[in-house]
Structure formats: structure tokens, C-alpha cells
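Q: Got a structure here, written out as C-alpha cells. Questions coming.
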Amino acid sequence: MQFGEVTITLEDVATLTGLAIDGDAVIVDIPDEDWSAMCLRLLGQAPTDLGGGVIRITWLREIFDELPLSASPETTEQYARAYALSLMGGVLFSDRSGGSVHLQYLLLVEDWRRAGRFAWGAAVLSYLYREMGRSALQMTASSSLGGDFGGWAALLMLWTWERFPHTSPLHAVTGAQITQDAVSRGIRWLPAQTRQHGDQFYLYKLWFDECTTFVVSI
């Protein structure tokens, strides 16, 4: 571009999404126990088709659809882990399969106090960079005009709208409508009636709210 290079920075992640950019590195150590045993220990249930430690997100959402009113503290934690695993595999660290997640991410929420110290924003940005890089290399190798990539694509969309507002299909919320307690600047791109812009943006709003609520609350 004429004005130089531009890219998503950690500051962008922090201000747009509310995800932490300071803290412990998001690193997963492969467990000594097998995946099925670990799934039973942390979720209380395990699917029969756990090939290579990969689990279907639809299974998570079906089994852990609604927390029982009489749930014990242990069951409540299991449901919370299932929700977090679905969120990480389906949004924050999604892959190109679009429907599965590796159980290694479950270890990140084994201890909730430790999970709250992770630099989630830094991990999300690094993962998105890696996925976009892979997609670009594949396009170059195949001379294709397009390539799928994983990661939180909504972050790229938010950044584009924030830095190049003329590209946004949405109308920004006025500054007066953003309270000081708002989790992130990203909400200003979400009109009250999001459904009027189509189901795609409505789903994006749900994902955005889930991500920020999950990470900020633990």
C-alpha cells in the first residue's frame, strides 16, 4: 500500500476483543493418559469415536446442551469445560475442518485459576497468523485464487472495519452509546438489530459475545 504495511497487532486484539495479551503462554503438554481416559476425567463422558484425540463439536453441543438445575459443582465444571472446548475449537482456534476440535485444548481449562492467567489474545493472534500464512503458501503453490484458513476470522473482520471503516457493511454505534465498562471496542460495529444484516452477522455477534464472556469471566 502507498502508506506502508499494515497488520493486526496485539493492541488491536486487546482493544477490539477484550482478550488478554499479557500473561502465561498458551502451551499444551500432551498428557500421559490416553485421550478417552482424559475426556472421562474432565468431561465425565467420552464419545466412542475418539480417533487421535479429535472430538466432534456437534457431540459436545448435543451432550452438554443444558446444565441441569440440580447439577453438582463437579458436573458444572464439566459442562463449563465442554463449552470452553467447543468455543476454542469452533471459534478461537478453529481449523479448516470446521466441525471438530482436538482434546489437547481441554487441558487448558483443567484448572480454571490457571486458565484465567493465560494470554488468550496473544495466542489467538498467533494462531490466526499461522493459518493465514498456510493459506497463502497453498495459494502460491497451486496458483489458486482462494484458500481456506482456520483461526478466529471475525478478528480479521473486526480489524478491517476498525482500520478501514469505509469497507464496513454495518453502521457503527455512536461513541455515546459505548459505556466505559464495555468489554471491547468491537461492540461498536454491532447494531442493535443485527439480524437485519443477515444470519451471518447474527452468528458472528453470538460468537463474539461468547468469546469475550468466556475469557473475561474465568
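Ligands are numbered from 1 in the order shown, chains are lettered A, B, ... in the order of the C-alpha cells, and residues start at 1 in each chain.
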Just the residues within 8 Å of segment 150-166 of chain A, please, counting only C-alpha atoms, with nothing from its chain fewer than 4 positions along; format it as a ChimeraX atom specification.
A: /A:8,12-13,16-17,91-96,124,127-128,131-132,186,189,204,208
Q: For segment 52-56 of chain A, list every protein, DNA or RNA residue within 9 Å, evaluated using only C-alpha atoms, and leave out those in the same chain fewer than 6 positions away; present the list as a PyMOL selection string.
A: chain A and resi 34-36+46+86+99-104
Q: Could you turn the residues from that selection into a file that holds N, CA, C and O atoms, as a PDB file, in the first residue's frame?
A:
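Contents of result.pdb, freshly written:
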```pdb
ATOM      1  N   ASP A  34      -4.383 -41.829  28.132  1.00  0.00           N
ATOM      2  CA  ASP A  34      -4.959 -41.828  26.788  1.00  0.00           C
ATOM      3  C   ASP A  34      -6.092 -40.814  26.719  1.00  0.00           C
ATOM      4  O   ASP A  34      -6.640 -40.384  27.732  1.00  0.00           O
ATOM      5  N   TRP A  35      -6.477 -40.446  25.487  1.00  0.00           N
ATOM      6  CA  TRP A  35      -7.448 -39.377  25.286  1.00  0.00           C
ATOM      7  C   TRP A  35      -8.808 -39.714  25.875  1.00  0.00           C
ATOM      8  O   TRP A  35      -9.488 -38.857  26.424  1.00  0.00           O
ATOM      9  N   SER A  36      -9.211 -40.971  25.764  1.00  0.00           N
ATOM     10  CA  SER A  36     -10.520 -41.363  26.276  1.00  0.00           C
ATOM     11  C   SER A  36     -10.582 -41.209  27.786  1.00  0.00           C
ATOM     12  O   SER A  36     -11.565 -40.699  28.337  1.00  0.00           O
ATOM     13  N   ALA A  46     -17.338 -39.561  27.298  1.00  0.00           N
ATOM     14  CA  ALA A  46     -16.427 -39.610  26.151  1.00  0.00           C
ATOM     15  C   ALA A  46     -17.122 -40.305  24.994  1.00  0.00           C
ATOM     16  O   ALA A  46     -17.830 -41.294  25.191  1.00  0.00           O
ATOM     17  N   SER A  86     -15.689 -26.326  23.044  1.00  0.00           N
ATOM     18  CA  SER A  86     -16.447 -26.025  21.834  1.00  0.00           C
ATOM     19  C   SER A  86     -16.106 -24.643  21.307  1.00  0.00           C
ATOM     20  O   SER A  86     -15.968 -24.429  20.095  1.00  0.00           O
ATOM     21  N   GLY A  99     -15.614 -28.561  12.052  1.00  0.00           N
ATOM     22  CA  GLY A  99     -16.564 -29.300  12.871  1.00  0.00           C
ATOM     23  C   GLY A  99     -15.967 -30.167  13.945  1.00  0.00           C
ATOM     24  O   GLY A  99     -16.677 -30.955  14.572  1.00  0.00           O
ATOM     25  N   SER A 100     -14.663 -30.056  14.174  1.00  0.00           N
ATOM     26  CA  SER A 100     -14.019 -30.896  15.178  1.00  0.00           C
ATOM     27  C   SER A 100     -12.979 -30.092  15.957  1.00  0.00           C
ATOM     28  O   SER A 100     -12.555 -29.022  15.533  1.00  0.00           O
ATOM     29  N   VAL A 101     -12.585 -30.639  17.105  1.00  0.00           N
ATOM     30  CA  VAL A 101     -11.587 -29.979  17.940  1.00  0.00           C
ATOM     31  C   VAL A 101     -10.752 -31.044  18.621  1.00  0.00           C
ATOM     32  O   VAL A 101     -11.249 -32.126  18.968  1.00  0.00           O
ATOM     33  N   HIS A 102      -9.479 -30.764  18.803  1.00  0.00           N
ATOM     34  CA  HIS A 102      -8.593 -31.718  19.465  1.00  0.00           C
ATOM     35  C   HIS A 102      -8.719 -31.575  20.976  1.00  0.00           C
ATOM     36  O   HIS A 102      -8.822 -30.471  21.507  1.00  0.00           O
ATOM     37  N   LEU A 103      -8.693 -32.705  21.664  1.00  0.00           N
ATOM     38  CA  LEU A 103      -8.862 -32.703  23.116  1.00  0.00           C
ATOM     39  C   LEU A 103      -7.689 -32.078  23.862  1.00  0.00           C
ATOM     40  O   LEU A 103      -7.784 -31.844  25.068  1.00  0.00           O
ATOM     41  N   GLN A 104      -6.594 -31.775  23.173  1.00  0.00           N
ATOM     42  CA  GLN A 104      -5.470 -31.128  23.845  1.00  0.00           C
ATOM     43  C   GLN A 104      -5.880 -29.784  24.453  1.00  0.00           C
ATOM     44  O   GLN A 104      -5.368 -29.377  25.496  1.00  0.00           O
TER      45      GLN A 104
END
```
Q: List every residue of segment 66-142 of chain A that DSSP, applied to the backbone of this structure, places in alpha helix (DSSP H), and write the result as an mmCIF file with N, CA and C atoms, in the first residue's frame.
A:
```cif
data_model
loop_
_atom_site.group_PDB
_atom_site.id
_atom_site.type_symbol
_atom_site.label_atom_id
_atom_site.label_comp_id
_atom_site.auth_asym_id
_atom_site.auth_seq_id
_atom_site.Cartn_x
_atom_site.Cartn_y
_atom_site.Cartn_z
ATOM 1 N N PRO A 73 -21.273 -29.295 41.806
ATOM 2 C CA PRO A 73 -20.134 -28.457 41.384
ATOM 3 C C PRO A 73 -19.242 -29.171 40.365
ATOM 4 N N GLU A 74 -19.049 -30.473 40.516
ATOM 5 C CA GLU A 74 -18.216 -31.224 39.573
ATOM 6 C C GLU A 74 -18.854 -31.249 38.183
ATOM 7 N N THR A 75 -20.169 -31.498 38.147
ATOM 8 C CA THR A 75 -20.874 -31.512 36.862
ATOM 9 C C THR A 75 -20.856 -30.136 36.214
ATOM 10 N N THR A 76 -21.002 -29.094 37.016
ATOM 11 C CA THR A 76 -20.971 -27.727 36.499
ATOM 12 C C THR A 76 -19.634 -27.433 35.833
ATOM 13 N N GLU A 77 -18.542 -27.866 36.459
ATOM 14 C CA GLU A 77 -17.218 -27.664 35.867
ATOM 15 C C GLU A 77 -17.078 -28.443 34.572
ATOM 16 N N GLN A 78 -17.627 -29.645 34.516
ATOM 17 C CA GLN A 78 -17.548 -30.448 33.300
ATOM 18 C C GLN A 78 -18.293 -29.770 32.144
ATOM 19 N N TYR A 79 -19.458 -29.216 32.438
ATOM 20 C CA TYR A 79 -20.221 -28.505 31.412
ATOM 21 C C TYR A 79 -19.472 -27.241 30.965
ATOM 22 N N ALA A 80 -18.843 -26.562 31.903
ATOM 23 C CA ALA A 80 -18.079 -25.361 31.561
ATOM 24 C C ALA A 80 -16.898 -25.713 30.669
ATOM 25 N N ARG A 81 -16.238 -26.839 30.962
ATOM 26 C CA ARG A 81 -15.112 -27.268 30.127
ATOM 27 C C ARG A 81 -15.583 -27.631 28.726
ATOM 28 N N ALA A 82 -16.730 -28.304 28.648
ATOM 29 C CA ALA A 82 -17.262 -28.671 27.333
ATOM 30 C C ALA A 82 -17.588 -27.425 26.514
ATOM 31 N N TYR A 83 -18.146 -26.431 27.175
ATOM 32 C CA TYR A 83 -18.468 -25.166 26.490
ATOM 33 C C TYR A 83 -17.191 -24.482 26.006
ATOM 34 N N ALA A 84 -16.194 -24.434 26.889
ATOM 35 C CA ALA A 84 -14.928 -23.794 26.528
ATOM 36 C C ALA A 84 -14.248 -24.534 25.386
ATOM 37 N N LEU A 85 -14.292 -25.870 25.411
ATOM 38 C CA LEU A 85 -13.677 -26.667 24.349
ATOM 39 C C LEU A 85 -14.368 -26.407 23.012
ATOM 40 N N SER A 86 -15.689 -26.326 23.044
ATOM 41 C CA SER A 86 -16.447 -26.025 21.834
ATOM 42 C C SER A 86 -16.106 -24.643 21.307
ATOM 43 N N LEU A 87 -15.924 -23.698 22.217
ATOM 44 C CA LEU A 87 -15.598 -22.332 21.823
ATOM 45 C C LEU A 87 -14.204 -22.238 21.222
ATOM 46 N N TRP A 112 -9.183 -23.863 36.363
ATOM 47 C CA TRP A 112 -9.765 -22.577 35.967
ATOM 48 C C TRP A 112 -8.917 -21.396 36.404
ATOM 49 N N ARG A 113 -8.255 -21.528 37.555
ATOM 50 C CA ARG A 113 -7.414 -20.418 38.012
ATOM 51 C C ARG A 113 -6.237 -20.220 37.065
ATOM 52 N N ARG A 114 -5.672 -21.308 36.585
ATOM 53 C CA ARG A 114 -4.575 -21.223 35.617
ATOM 54 C C ARG A 114 -5.085 -20.697 34.284
ATOM 55 N N ALA A 115 -6.284 -21.118 33.888
ATOM 56 C CA ALA A 115 -6.860 -20.672 32.618
ATOM 57 C C ALA A 115 -7.038 -19.159 32.589
ATOM 58 N N TRP A 120 -4.719 -15.170 26.279
ATOM 59 C CA TRP A 120 -5.560 -15.716 25.224
ATOM 60 C C TRP A 120 -5.475 -14.888 23.941
ATOM 61 N N GLY A 121 -5.440 -13.575 24.077
ATOM 62 C CA GLY A 121 -5.397 -12.722 22.900
ATOM 63 C C GLY A 121 -4.152 -12.941 22.062
ATOM 64 N N ALA A 122 -3.005 -13.086 22.720
ATOM 65 C CA ALA A 122 -1.756 -13.326 22.006
ATOM 66 C C ALA A 122 -1.797 -14.666 21.276
ATOM 67 N N ALA A 123 -2.375 -15.670 21.926
ATOM 68 C CA ALA A 123 -2.467 -16.992 21.306
ATOM 69 C C ALA A 123 -3.396 -16.976 20.099
ATOM 70 N N VAL A 124 -4.513 -16.279 20.230
ATOM 71 C CA VAL A 124 -5.471 -16.191 19.128
ATOM 72 C C VAL A 124 -4.844 -15.508 17.913
ATOM 73 N N LEU A 125 -4.102 -14.431 18.153
ATOM 74 C CA LEU A 125 -3.470 -13.710 17.044
ATOM 75 C C LEU A 125 -2.383 -14.559 16.391
ATOM 76 N N SER A 126 -1.573 -15.238 17.191
ATOM 77 C CA SER A 126 -0.516 -16.090 16.637
ATOM 78 C C SER A 126 -1.104 -17.209 15.787
ATOM 79 N N TYR A 127 -2.164 -17.802 16.287
ATOM 80 C CA TYR A 127 -2.810 -18.897 15.551
ATOM 81 C C TYR A 127 -3.394 -18.390 14.233
ATOM 82 N N LEU A 128 -4.021 -17.219 14.272
ATOM 83 C CA LEU A 128 -4.602 -16.652 13.059
ATOM 84 C C LEU A 128 -3.521 -16.346 12.029
ATOM 85 N N TYR A 129 -2.386 -15.788 12.479
ATOM 86 C CA TYR A 129 -1.270 -15.513 11.571
ATOM 87 C C TYR A 129 -0.781 -16.802 10.902
ATOM 88 N N ARG A 130 -0.643 -17.857 11.714
ATOM 89 C CA ARG A 130 -0.149 -19.123 11.170
ATOM 90 C C ARG A 130 -1.103 -19.673 10.119
ATOM 91 N N GLU A 131 -2.388 -19.621 10.409
ATOM 92 C CA GLU A 131 -3.365 -20.154 9.472
ATOM 93 C C GLU A 131 -3.412 -19.341 8.176
ATOM 94 N N MET A 132 -3.332 -18.021 8.283
ATOM 95 C CA MET A 132 -3.332 -17.198 7.076
ATOM 96 C C MET A 132 -2.066 -17.437 6.262
ATOM 97 N N GLY A 133 -0.932 -17.652 6.958
ATOM 98 C CA GLY A 133 0.314 -17.957 6.266
ATOM 99 C C GLY A 133 0.233 -19.263 5.495
ATOM 100 N N ARG A 134 -0.342 -20.278 6.133
ATOM 101 C CA ARG A 134 -0.503 -21.567 5.460
ATOM 102 C C ARG A 134 -1.387 -21.428 4.226
ATOM 103 N N SER A 135 -2.460 -20.668 4.369
ATOM 104 C CA SER A 135 -3.371 -20.483 3.247
ATOM 105 C C SER A 135 -2.678 -19.774 2.092
ATOM 106 N N ALA A 136 -1.866 -18.755 2.421
ATOM 107 C CA ALA A 136 -1.154 -18.012 1.382
ATOM 108 C C ALA A 136 -0.151 -18.896 0.652
ATOM 109 N N LEU A 137 0.551 -19.762 1.388
ATOM 110 C CA LEU A 137 1.517 -20.664 0.763
ATOM 111 C C LEU A 137 0.827 -21.667 -0.142
ATOM 112 N N GLN A 138 -0.337 -22.140 0.282
ATOM 113 C CA GLN A 138 -1.077 -23.080 -0.550
ATOM 114 C C GLN A 138 -1.583 -22.425 -1.821
ATOM 115 N N MET A 139 -2.020 -21.169 -1.709
ATOM 116 C CA MET A 139 -2.478 -20.452 -2.901
ATOM 117 C C MET A 139 -1.338 -20.263 -3.882
ATOM 118 N N THR A 140 -0.135 -19.957 -3.340
ATOM 119 C CA THR A 140 1.029 -19.750 -4.206
ATOM 120 C C THR A 140 1.422 -21.040 -4.901
ATOM 121 N N ALA A 141 1.375 -22.148 -4.157
ATOM 122 C CA ALA A 141 1.794 -23.435 -4.722
ATOM 123 C C ALA A 141 0.817 -23.937 -5.783
ATOM 124 N N SER A 142 -0.466 -23.654 -5.579
ATOM 125 C CA SER A 142 -1.468 -24.175 -6.508
ATOM 126 C C SER A 142 -1.956 -23.152 -7.516
#
```
Q: Would you compute the distance between atom CA of Phe149 of chain A and atom CA of Asp22 of chain A? Give it in Å to one decimal.
A: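 Answer for the atom CA of Phe149 of chain A to atom CA of Asp22 of chain A separation: 25.6 Å.
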Q: Hey, what does DSSP flag as strand (DSSP E or B) within segment 51-167 of chain A? Can you give it to me as a list in words?
A: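 So, restricting segment 51-167 of chain A to strand (DSSP E or B), we get Val54, Ile55, Arg56, Ser100, Val101, His102 and Phe118 of chain A.
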Q: Output all heavy atoms for every residue in the selection just made, as an mmCIF file, in the first residue's frame.
A:
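File written: out-v1.cif
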```cif
data_model
loop_
_atom_site.group_PDB
_atom_site.id
_atom_site.type_symbol
_atom_site.label_atom_id
_atom_site.label_comp_id
_atom_site.auth_asym_id
_atom_site.auth_seq_id
_atom_site.Cartn_x
_atom_site.Cartn_y
_atom_site.Cartn_z
ATOM 1 N N VAL A 54 -9.387 -36.445 18.561
ATOM 2 C CA VAL A 54 -10.239 -35.435 17.920
ATOM 3 C C VAL A 54 -11.700 -35.731 18.244
ATOM 4 O O VAL A 54 -12.143 -36.878 18.153
ATOM 5 C CB VAL A 54 -10.036 -35.417 16.394
ATOM 6 C CG1 VAL A 54 -10.985 -34.428 15.732
ATOM 7 C CG2 VAL A 54 -8.589 -35.046 16.067
ATOM 8 N N ILE A 55 -12.438 -34.682 18.631
ATOM 9 C CA ILE A 55 -13.825 -34.841 19.033
ATOM 10 C C ILE A 55 -14.711 -33.919 18.200
ATOM 11 O O ILE A 55 -14.294 -32.822 17.816
ATOM 12 C CB ILE A 55 -13.969 -34.521 20.548
ATOM 13 C CG1 ILE A 55 -15.339 -34.966 21.077
ATOM 14 C CG2 ILE A 55 -13.731 -33.054 20.832
ATOM 15 C CD1 ILE A 55 -15.431 -34.863 22.593
ATOM 16 N N ARG A 56 -15.901 -34.381 17.885
ATOM 17 C CA ARG A 56 -16.821 -33.570 17.080
ATOM 18 C C ARG A 56 -17.490 -32.498 17.954
ATOM 19 O O ARG A 56 -17.956 -32.785 19.048
ATOM 20 C CB ARG A 56 -17.889 -34.453 16.444
ATOM 21 C CG ARG A 56 -17.378 -35.349 15.337
ATOM 22 C CD ARG A 56 -18.487 -36.178 14.712
ATOM 23 N NE ARG A 56 -19.043 -37.147 15.658
ATOM 24 C CZ ARG A 56 -20.239 -37.030 16.208
ATOM 25 N NH1 ARG A 56 -21.019 -35.985 15.914
ATOM 26 N NH2 ARG A 56 -20.690 -37.938 17.057
ATOM 27 N N SER A 100 -14.663 -30.056 14.174
ATOM 28 C CA SER A 100 -14.019 -30.896 15.178
ATOM 29 C C SER A 100 -12.979 -30.092 15.957
ATOM 30 O O SER A 100 -12.555 -29.022 15.533
ATOM 31 C CB SER A 100 -13.354 -32.116 14.523
ATOM 32 O OG SER A 100 -12.354 -31.700 13.600
ATOM 33 N N VAL A 101 -12.585 -30.639 17.105
ATOM 34 C CA VAL A 101 -11.587 -29.979 17.940
ATOM 35 C C VAL A 101 -10.752 -31.044 18.621
ATOM 36 O O VAL A 101 -11.249 -32.126 18.968
ATOM 37 C CB VAL A 101 -12.263 -29.071 18.992
ATOM 38 C CG1 VAL A 101 -13.242 -29.853 19.853
ATOM 39 C CG2 VAL A 101 -11.228 -28.373 19.859
ATOM 40 N N HIS A 102 -9.479 -30.764 18.803
ATOM 41 C CA HIS A 102 -8.593 -31.718 19.465
ATOM 42 C C HIS A 102 -8.719 -31.575 20.976
ATOM 43 O O HIS A 102 -8.822 -30.471 21.507
ATOM 44 C CB HIS A 102 -7.139 -31.499 19.039
ATOM 45 C CG HIS A 102 -6.268 -32.687 19.283
ATOM 46 N ND1 HIS A 102 -5.808 -33.033 20.533
ATOM 47 C CD2 HIS A 102 -5.802 -33.638 18.428
ATOM 48 C CE1 HIS A 102 -5.074 -34.138 20.450
ATOM 49 N NE2 HIS A 102 -5.054 -34.522 19.186
ATOM 50 N N PHE A 118 -3.875 -17.070 31.359
ATOM 51 C CA PHE A 118 -3.330 -17.216 30.008
ATOM 52 C C PHE A 118 -3.495 -15.933 29.185
ATOM 53 O O PHE A 118 -4.478 -15.202 29.350
ATOM 54 C CB PHE A 118 -4.026 -18.355 29.260
ATOM 55 C CG PHE A 118 -3.573 -19.731 29.667
ATOM 56 C CD1 PHE A 118 -4.491 -20.723 29.950
ATOM 57 C CD2 PHE A 118 -2.227 -20.029 29.760
ATOM 58 C CE1 PHE A 118 -4.096 -21.987 30.314
ATOM 59 C CE2 PHE A 118 -1.810 -21.297 30.127
ATOM 60 C CZ PHE A 118 -2.742 -22.285 30.403
#
```
Q: Quick one: distance from atom CA of Met88 of chain A to atom CA of Leu19 of chain A in Å, one decimal?
A: 13.1 Å
Q: State, in Å with one decimal place, the distance from atom CA of Val26 of chain A to atom CA of Arg61 of chain A.
A: 24.3 Å
Q: Just checking: using only C-alpha atoms, which residue out of A:Ala119, A:Trp59, A:Leu108, A:Ser168 ends up closest to Leu10 of chain A?
A: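 Of all the options, A:Ala119 lies closest to Leu10 of chain A.
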